[in-house]
Structures are given as structure tokens and as C-alpha cells.
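Only one structure is covered here, and it is reproduced in the block below.
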Amino acid sequence: MYLLPALTPKAIPVIETDRFRLRANTLDDFQPMFDMWQTPAFYEHIGGKPRPSGYLWSQLQKNIGSWAMFGFGYWTIADLETDRFIGECGFTLSKRSEIDPPLKNIPEAGWGIHPDYWGQGYTKAAMRAALGWALAQAPDFPCQCIINEGHRASESVARSLGMAVVRTVALDGDEDEPVNVWENVTAARAS
């Protein structure tokens with residue numbers, strides 16, 4: 001299992017750019033996160049359905065808790081001036097039983113921003129900052145992600161991170177909804 005030293009919520013790094021900051025999730029992020037997941041354009045390529053409040057409440061806790069367990073996790077992407085929630089991004093260790101064969105036991109990258117911010121380069125910039133932080137902690141930091149086949153915006157983000165498709169799988173056995181597994185170069189070397 002690939003781990004970095006555990007971090008408490010106060011120790012979760014804050015990364016600032018000229019437009020946004022990556023910061024720890026807070027309770028104030030729950031409502032805008034919930035609203036984002038109720039937007040059809042957002043969830044269309046991420047499971048195709050909205051997420052219920054209980055799931056997202058648990059997700060918010062998981063985002064914070066993964067820092068203590070693994071030394072990495074998800075950040076809120078927040079506007080630099082207003083601290084308004086834009087989206088989220090980062091890394092987690094997933095135990096996805098719905099993928100066969102399962103994902104490697106390495107960090108899984110993920111990202112999502114509210115459609116109001118699409119087309120402005122936030123996702124690529126946020127994930128580059130997140131991966132840059134991880135590589136500064138461990139130069140061989142491996143990561144993978146899953147992207148629904150044909151989700152061009154996320155495919156572009158993955159490519160910008162130096163990732164490539166390594167295999168195609170059916171999620172939950174649904175052969176009609178292929179999902180591509182992407183890995184960065186260091187992840188391919190670690191296998």
C-alpha cells in the first residue's frame with residue numbers, strides 16, 4: 001500500500017495559485033458540494049445520477065479522514081478572493097469492488113468542478129497543483145484514475161497530468177458503459 005505520513009485536518013496543506021486555493025474541506029462546503037452533485041451536466045459522466053445527501057455527507061468526512069489515514073486526500077478548490085466553493089480534487093485509495101480486475105493499490109486521482117466554472121482551466125490547474133504537491137512529497141508518487149469513455153474534458157485533464165489509458169473495464173459489469181483506467185508514468189513503473 002502506498003502511503004505518505006498521516007496529517008491532521010489542521011496540517012492539510014493549502015496550495016494557492018493566482019486564481020484559487022486548494023484547502024481542506026470544511027462543513028461549509030457540504031451545501032455547495034451537494035448542489036454540484038444535483039446538477040445533471042455535472043453527474044452525467046460520473047455515474048449518470050445525482051448523489052444523495054447522506055452519501056455526500058460521508059464523502060466529505062472521507063475527504064478529511066483520508067489525510068490522516070494515507071497522508072493525501074481531496075481538497076476543496078476555492079476562489080482565492082471569496083473562498084467560494086468551485087469544486088474538489090485530489091487523491092484517495094479506493095477499494096472499488098465494481099471493477100474487475102480491481103484497481104491497483106495506489107492513489108486514485110479525482111476531480112470535479114461546478115459547471116459554472118467549466119472551460120476556464122480550473123480543473124487542469126488544480127490537478128497540476130495537487131500532483132505537483134504529491135510529487136514534491138514523493139518523487140515516485142503513483143496515481144491512477146477512471147474516466148467514462150468519451151468524457152473528453154476529463155480525458156484532457158488526465159493527459160495533461162502525464163496519464164495514459166492502460167485498460168478498459170466495465171463498471172458494475174455494465175459492458176455498455178466502458179470505463180478507462182488511466183495511470184501516470186510512475187504508476188506504470190511501480191506495477
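Residue numbering restarts at 1 for every chain of the C-alpha cells, chains are lettered A, B, ... in their displayed order, and ligands are numbered from 1 as they appear.
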Discussion item. Run DSSP on the backbone and tell me which residues of region 95-125 of chain A come out as helix (DSSP H, G or I); list them as a list of chain:residue names.
Written reply: A:Pro115, A:Asp116, A:Tyr117, A:Tyr122, A:Thr123, A:Lys124, A:Ala125
For C-alpha atoms, I'd like the residues from the last selection saved as an mmCIF file, in the first residue's frame.
```cif
data_model
loop_
_atom_site.group_PDB
_atom_site.id
_atom_site.type_symbol
_atom_site.label_atom_id
_atom_site.label_comp_id
_atom_site.auth_asym_id
_atom_site.auth_seq_id
_atom_site.Cartn_x
_atom_site.Cartn_y
_atom_site.Cartn_z
ATOM 1 C CA PRO A 115 -20.402 23.596 -14.289
ATOM 2 C CA ASP A 116 -20.411 27.371 -13.659
ATOM 3 C CA TYR A 117 -16.591 27.135 -13.772
ATOM 4 C CA TYR A 122 -9.594 25.373 -13.211
ATOM 5 C CA THR A 123 -9.549 21.579 -13.269
ATOM 6 C CA LYS A 124 -6.233 21.190 -15.087
ATOM 7 C CA ALA A 125 -4.585 23.865 -12.954
#
```
Counting only C-alpha atoms, which residues of region 97-179 of chain A sit at most 9 Å from some atom of region 18-38 of chain A, and what is each one's closest atom pair with its distance in Å to one decimal, listed by chain and rising residue number, as a tab-separated table?
```
residue	atom	partner	partner_atom	distance
A:Gly112	CA	A:Met36	CA	8.9
A:Ile113	CA	A:Met36	CA	7.7
A:His114	CA	A:Met36	CA	5.4
A:Pro115	CA	A:Met36	CA	7.8
A:Tyr122	CA	A:Phe20	CA	8.2
A:Ala126	CA	A:Leu22	CA	7.4
A:Ala129	CA	A:Leu22	CA	8.4
A:Ala130	CA	A:Leu22	CA	8.0
```
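Once Ser154 (chain A) and its same-chain neighbours fewer than 3 positions away are set aside, His45, Gly110, Trp111, Gly112, Thr123, Lys124, Cys145, Ile146, Ile147, Asn148, Glu149, Gly150, His151, Val157, Ala158, Arg159 and Ser160 of chain A remain within 10 Å of it when counting only C-alpha atoms.
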Practice prompt. Report the distance between CA of Gly65 (chain A) and CA of Ala136 (chain A) in Å, rounded to one decimal place.
Written response: 21.4 Å
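The space separating CA of Gly73 (chain A) from CA of Leu171 (chain A) comes to 23.1 Å.
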Worksheet item: Out of A:Tyr74, A:Trp57, A:Arg51, A:Leu3, which residue has the shortest atom-to-atom distance to Thr39 (chain A) when counting only C-alpha atoms?
Response: A:Arg51
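In terms of minimum interatomic distance to Gly90 (chain A), A:Gly132 ranks closest within A:Pro50, A:Gly132, A:Pro102, A:Gly121, counting only C-alpha atoms.
Taking only C-alpha atoms into account, Pro101 (chain A) lies nearest to A:Val169 out of the set A:Cys143, A:Leu161, A:Ala41, A:Val169.
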Discussion item. Based on the backbone DSSP call, show me all residues of chain A assigned strand (DSSP E), as a PyMOL selection string.
Written reply: chain A and resi 15-16+20-23+74-79+85-92+108-113+144-148+163-170+178-184
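Interatomic distance, CA of Met69 (chain A) against CA of Met127 (chain A): 20.9 Å.
Nearest residue to Asp83 (chain A), choosing from A:Glu16, A:Leu131, A:Lys104, A:Gly162 and counting only C-alpha atoms: A:Glu16.
Closest to Pro142 (chain A) among A:Asp79, A:Glu44, A:Glu177, A:Glu108 is A:Glu108, based on only C-alpha atoms.
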